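**Student:** Following this message is one structure expressed as structure tokens.
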Amino acid sequence: MEQQKINSKKFGDMPVEDFRKHGHEMIEWIADYLENIEQYPVFPNIYPGEIKNKIPLHPPVKGESIENIFSDFEKIIVPGTTHWNHPGFMAYFNSSASTPGILAELLSAALNANGMIWKTSPSATELELASLNWLRQMLGLNDKFMGIIYDTASISSMHAIAAAREQLKEYQFKEKGMTGRKDVPRLRLYASEHAHSSIDKGALTLGIGIEGIRKIPVNKEFKMIPTDLTKAINEDRKNGWCPFCVVATVGTTSTTSIDPVDKIADICERENIWLHVDGAHGGSAAIIPEMQWILKGTERADSFLVNPHKWLFHPVDITAFYTRKPDVLKRAFSLVADYLKTSEAKVDNYMDYGIQLGRRFRALKLWFVIRYFGVEGLRERLRYHLYLGKEFTKWIDEHPNFERMAPVPMSTICFRLHPKNINAEKELEELNLRFFNELDTSGDIMISHTRLNDKYVLRVNMSGLRMELKHIEKAWEIIRTKGEATLMKV
Ligand SMILES: *Cc1c(COP(=O)(O)O)cnc(C)c1O
């Protein structure tokens with residue numbers, strides 16, 4: 001058969017001159033978007049399925065122009081976006097993207113570096129070590145901790161639990177697995193009633209089972225009660241369980257309560273149990289010298305995590321995970337295929353520390369963001385958020401129709417409507433459900449809700465990069481007037 005001559009010009013990427021043009025346009029768009037972020041509704045006014053219905057059912061057979069694609073991005077995608085960068089975004093834990101972080105993401109995509117082993121991108125591996133070392137110092141942790149970047153806190157905690165399991169060397173879980181064996185006890189993990197659901201999910205993934213997760217009660221300030229932890233461990237040992245992991249939280253998801261890590265570390269040391277500290281949101285506050293006490297005891301933990309994509313202004317996703325026992329974590333995951341074996345014995349290959357082989361170059365944004373703001377600049381921004389939290393707390397406390405539902409150790413406030421003339425819990429619940437629905441449709445602010453001591457409560461968080469006092473004042477104005485309006489209808 002005669003070979004056809006192939007015009008190679010037809011293949012390959014977008015012409016570089018087109019890329020240059022569209023690249024400039026999109027940076028302009030991003031700058032305008034962030035500059036005018038307040039003109040967007042925080043939460044889009046749409047119904048489920050609306051966006052999907054606007055996307056053709058079948059992929060285009062022929063290529064389309066970037067102009068067309070971008071025009072649909074503006075027409076379809078942006079109106080269906082919840083704007084996490086909006087200063088009225090007070091729900092969950094804020095995650096706001098700083099522009100140095102955005103630029104680093106762009107460069108990271110361009111380099112397309114895959115940090116599976118040192119050789120596949122020396123910079124990715126070495127910058128990960130170096131920038132995590134910076135962050136570790138900022139948090140006041142000692143150099144016994146080795147840092148690893150994973151995508152999320154959920155995945156990081158799963159790795160911590162896997163390492164905790166691997167620490168029970170005598171049972172050879174790596175070699176023999178957990179099922180069908182009569183020679184191993186059932187494992188038990190402990191976390192407070194207020195620990196994040198990702199801890200449960202991590203345990204479930206690893207075959208611990210729901211019954212293998214024991215929730216420890218909290219005190220009035222929503223902190224784990226250490227004596228109850230000791231009691232639970234003793235009781236479990238008596239009944240044949242094998243306690244293997246305790247998870248303490250620094251900044252719980254509902255109230256940012258801080259478990260007494262120091263006391264919990266005493267127990268874990270005595271009992272020889274892996275201690276993992278989840279500081280996904282709250283851990284970041286430890287970069288402020290006067291807040292460093294929140295990590296007291298964490299220097300004795302086996303592992304710890306913090307999410308720069310929460311309170312350190314990184315675009316999602318990046319979690320900084322630290323462990324004092326990297327050898328145990330490595331033992332849990334290292335399985336080196338022959339084609340990946342390297343001769344560079346002195347360097348760490350990050351693929352050996354987790355389930356992922358391919359790894360994004362996330363350290364680049366950590367390096368950009370820390371350098372751009374500086375340690376002092378980041379501290380000042382977090383201090384400002386703590387101040388905003390104090391202001392909002394004051395307004396809630398001073399208003400006769402509002403009730404604060406938890407202490408405010410950081411900048412997250414739990415509250416509800418509670419006028420003097422209503423005291424039945426059922427009525428308060430209905431009232432606050434109605435109130436939340438009113439607020440949910442405002443478009444100017446977005447808040448969330450949670451449950452504390454079986455009471456339905458509203459919750460705001462102040463940790464967005466673009467939040468200023470005027471935004472908090474406006475948010476309070478909306479909350480106060482909608483609250484009063486809800487009461488008028490009672
Ligand atoms: C947000 C949060 C998580 C989950 O974080 P992801 O990175 O989304 O997995 C876990 N723990 C705590 C305490 C959190 O606040």
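Here, A, B, ... name the chains of the structure tokens in the order displayed, residue numbers run from 1 inside each chain, and ligands are numbered from 1 in the same displayed order.
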I'd like the contact shell of A:Arg360 - 9 Å cut-off, only C-alpha atoms, skipping same-chain residues fewer than 3 positions apart - returned as a PyMOL selection string.

**Tutor:** chain A and resi 108-109+112-116+124+151+363

**Student:** Kindly save the residues from that selection, with N, CA, C and O atoms included, as a PDB file, in the first residue's frame.

**Tutor:**
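Below is the file that was written, again.pdb:
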```
ATOM      1  N   SER A 108       1.948  25.981  36.695  1.00  0.00           N
ATOM      2  CA  SER A 108       2.015  24.556  36.996  1.00  0.00           C
ATOM      3  C   SER A 108       1.367  23.744  35.868  1.00  0.00           C
ATOM      4  O   SER A 108       1.889  22.706  35.441  1.00  0.00           O
ATOM      5  N   ALA A 109       0.248  24.249  35.340  1.00  0.00           N
ATOM      6  CA  ALA A 109      -0.410  23.565  34.224  1.00  0.00           C
ATOM      7  C   ALA A 109       0.484  23.606  32.982  1.00  0.00           C
ATOM      8  O   ALA A 109       0.533  22.652  32.206  1.00  0.00           O
ATOM      9  N   ASN A 112       3.295  21.281  33.383  1.00  0.00           N
ATOM     10  CA  ASN A 112       2.706  19.942  33.405  1.00  0.00           C
ATOM     11  C   ASN A 112       3.653  18.937  34.053  1.00  0.00           C
ATOM     12  O   ASN A 112       3.793  17.811  33.594  1.00  0.00           O
ATOM     13  N   ALA A 113       4.316  19.390  35.101  1.00  0.00           N
ATOM     14  CA  ALA A 113       5.272  18.532  35.787  1.00  0.00           C
ATOM     15  C   ALA A 113       4.511  17.477  36.588  1.00  0.00           C
ATOM     16  O   ALA A 113       3.571  17.802  37.297  1.00  0.00           O
ATOM     17  N   ASN A 114       4.923  16.254  36.462  1.00  0.00           N
ATOM     18  CA  ASN A 114       4.307  15.177  37.212  1.00  0.00           C
ATOM     19  C   ASN A 114       5.324  14.669  38.225  1.00  0.00           C
ATOM     20  O   ASN A 114       6.330  14.076  37.870  1.00  0.00           O
ATOM     21  N   GLY A 115       5.034  14.939  39.497  1.00  0.00           N
ATOM     22  CA  GLY A 115       6.030  14.637  40.538  1.00  0.00           C
ATOM     23  C   GLY A 115       5.933  13.250  41.119  1.00  0.00           C
ATOM     24  O   GLY A 115       5.967  13.093  42.332  1.00  0.00           O
ATOM     25  N   MET A 116       5.799  12.240  40.282  1.00  0.00           N
ATOM     26  CA  MET A 116       5.692  10.891  40.845  1.00  0.00           C
ATOM     27  C   MET A 116       6.997  10.427  41.492  1.00  0.00           C
ATOM     28  O   MET A 116       7.000   9.911  42.594  1.00  0.00           O
ATOM     29  N   ALA A 124       9.697  19.691  41.234  1.00  0.00           N
ATOM     30  CA  ALA A 124       8.441  19.441  41.948  1.00  0.00           C
ATOM     31  C   ALA A 124       8.737  18.755  43.278  1.00  0.00           C
ATOM     32  O   ALA A 124       8.194  19.139  44.321  1.00  0.00           O
ATOM     33  N   ASP A 151      -3.990  16.086  47.919  1.00  0.00           N
ATOM     34  CA  ASP A 151      -4.994  17.011  47.386  1.00  0.00           C
ATOM     35  C   ASP A 151      -5.875  17.620  48.477  1.00  0.00           C
ATOM     36  O   ASP A 151      -6.088  18.818  48.516  1.00  0.00           O
ATOM     37  N   ALA A 363       3.206  22.332  45.000  1.00  0.00           N
ATOM     38  CA  ALA A 363       4.133  23.109  45.833  1.00  0.00           C
ATOM     39  C   ALA A 363       4.407  24.476  45.214  1.00  0.00           C
ATOM     40  O   ALA A 363       4.769  25.422  45.919  1.00  0.00           O
TER      41      ALA A 363
END
```

**Student:** For ligand 1, collect every residue having any atom at a distance of at most 6 Å from a ligand atom (counting only C-alpha atoms and all ligand atoms); output as an NGL selection string.

**Tutor:** :A and (152-154 or 196 or 198 or 251-253 or 278-281)

**Student:** Would you list the contacts of A:Ala301 as a PyMOL selection string, taking every protein, DNA or RNA residue within 10 Å and counting only C-alpha atoms, but skipping same-chain residues closer than 5 positions in sequence?

**Tutor:** chain A and resi 145+246-248+261-262+264-266+268-269+273-277+295+322-325

**Student:** Skipping near chain neighbours, those fewer than 6 positions away, what residues fall within 10 Å of A:Trp395 using only C-alpha atoms, listed as an mmCIF file with C-alpha atoms, in the first residue's frame?

**Tutor:**
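Contents of around23.cif, freshly written:
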```cif
data_model
loop_
_atom_site.group_PDB
_atom_site.id
_atom_site.type_symbol
_atom_site.label_atom_id
_atom_site.label_comp_id
_atom_site.auth_asym_id
_atom_site.auth_seq_id
_atom_site.Cartn_x
_atom_site.Cartn_y
_atom_site.Cartn_z
ATOM 1 C CA PHE A 402 -30.126 36.441 68.842
ATOM 2 C CA GLU A 473 -21.305 45.044 58.654
ATOM 3 C CA TRP A 476 -24.924 41.624 59.867
ATOM 4 C CA ARG A 480 -30.435 41.284 61.564
#
```

**Student:** Here is a test: counting only C-alpha atoms, which residue of A:Asn423, A:Asn94, A:Asn219, A:Ser131 is nearest to A:Ala406?

**Tutor:** A:Asn219

**Student:** Could you check the closest approach to A:Asn133 for each of A:Tyr92, A:Tyr171, A:Tyr33, A:Trp367 and tell me which residue wins, using only C-alpha atoms?

**Tutor:**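 Residue with the minimum atom-to-atom distance to A:Asn133: A:Trp367.
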
**Student:** Near A:Met351, within 7 Å and counting only C-alpha atoms, which residues show up once chain neighbours fewer than 5 positions away are dropped, as a list in words?

**Tutor:**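 Skipping anything fewer than 5 positions along the chain leaves Met116, Ile117, Gln356 and Leu357 of chain A.
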
**Student:** Can you work out the spacing between atom CA of A:Tyr40 and atom CA of A:Thr441 in Å, to one decimal?

**Tutor:** 13.7 Å

**Student:** When distances are computed from only C-alpha atoms, which of A:Ile258, A:Met90, A:Leu187, A:Ala163 shows the smallest separation from A:Ala475?

**Tutor:**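 Of the candidates, the smallest distance to A:Ala475 is held by A:Met90.
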
**Student:** Here is a test: counting only C-alpha atoms, which residue of A:Leu366, A:Ala97, A:Leu127, A:Ala191 is nearest to A:Val218?

**Tutor:**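 Selected residue with least distance to A:Val218: A:Ala191.
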
**Student:** How far is it from atom CA of A:Ala203 to atom CA of A:Arg186, in Å with one decimal?

**Tutor:** 12.6 Å

**Student:** Taking only stretch 178-250 of chain A into account, list the residues labelled helix (DSSP H, G or I) by DSSP (computed from the backbone), as a list in words.

**Tutor:** Ser197, Ser198, Ile199, Asp200, Lys201, Gly202, Ala203, Leu204, Thr205, Ile210, Glu211, Gly212, Pro226, Thr227, Asp228, Leu229, Thr230, Lys231, Ala232, Ile233, Asn234, Glu235, Asp236, Arg237 and Lys238 of chain A

**Student:** Distance atom CA of A:Thr227-atom CA of A:Ile161, one decimal place?

**Tutor:**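 Taking atom CA of A:Thr227 and atom CA of A:Ile161, their separation equals 22.5 Å.
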
**Student:** Write out as JSON, numbers by chain all residues of stretch 30-219 of chain A that backbone DSSP assigns to strand (DSSP E or B).

**Tutor:** {"A": [89, 146, 147, 148, 149, 150, 187, 188, 189, 190, 191, 192, 213, 214, 215, 216, 218]}

**Student:** I'd like to know which of A:Gly202, A:Gly80, A:Gly177, A:Gly389 is closest to A:Ser411, using only C-alpha atoms.

**Tutor:**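 The shortest atom-to-atom distance to A:Ser411 comes from A:Gly389.
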
**Student:** Kindly indicate which residue among A:Arg362, A:Arg20, A:Arg434, A:His471 lies nearest to A:Thr125, using only C-alpha atoms for the distances.

**Tutor:**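 With only C-alpha atoms as the atom set, the closest residue is A:Arg362.
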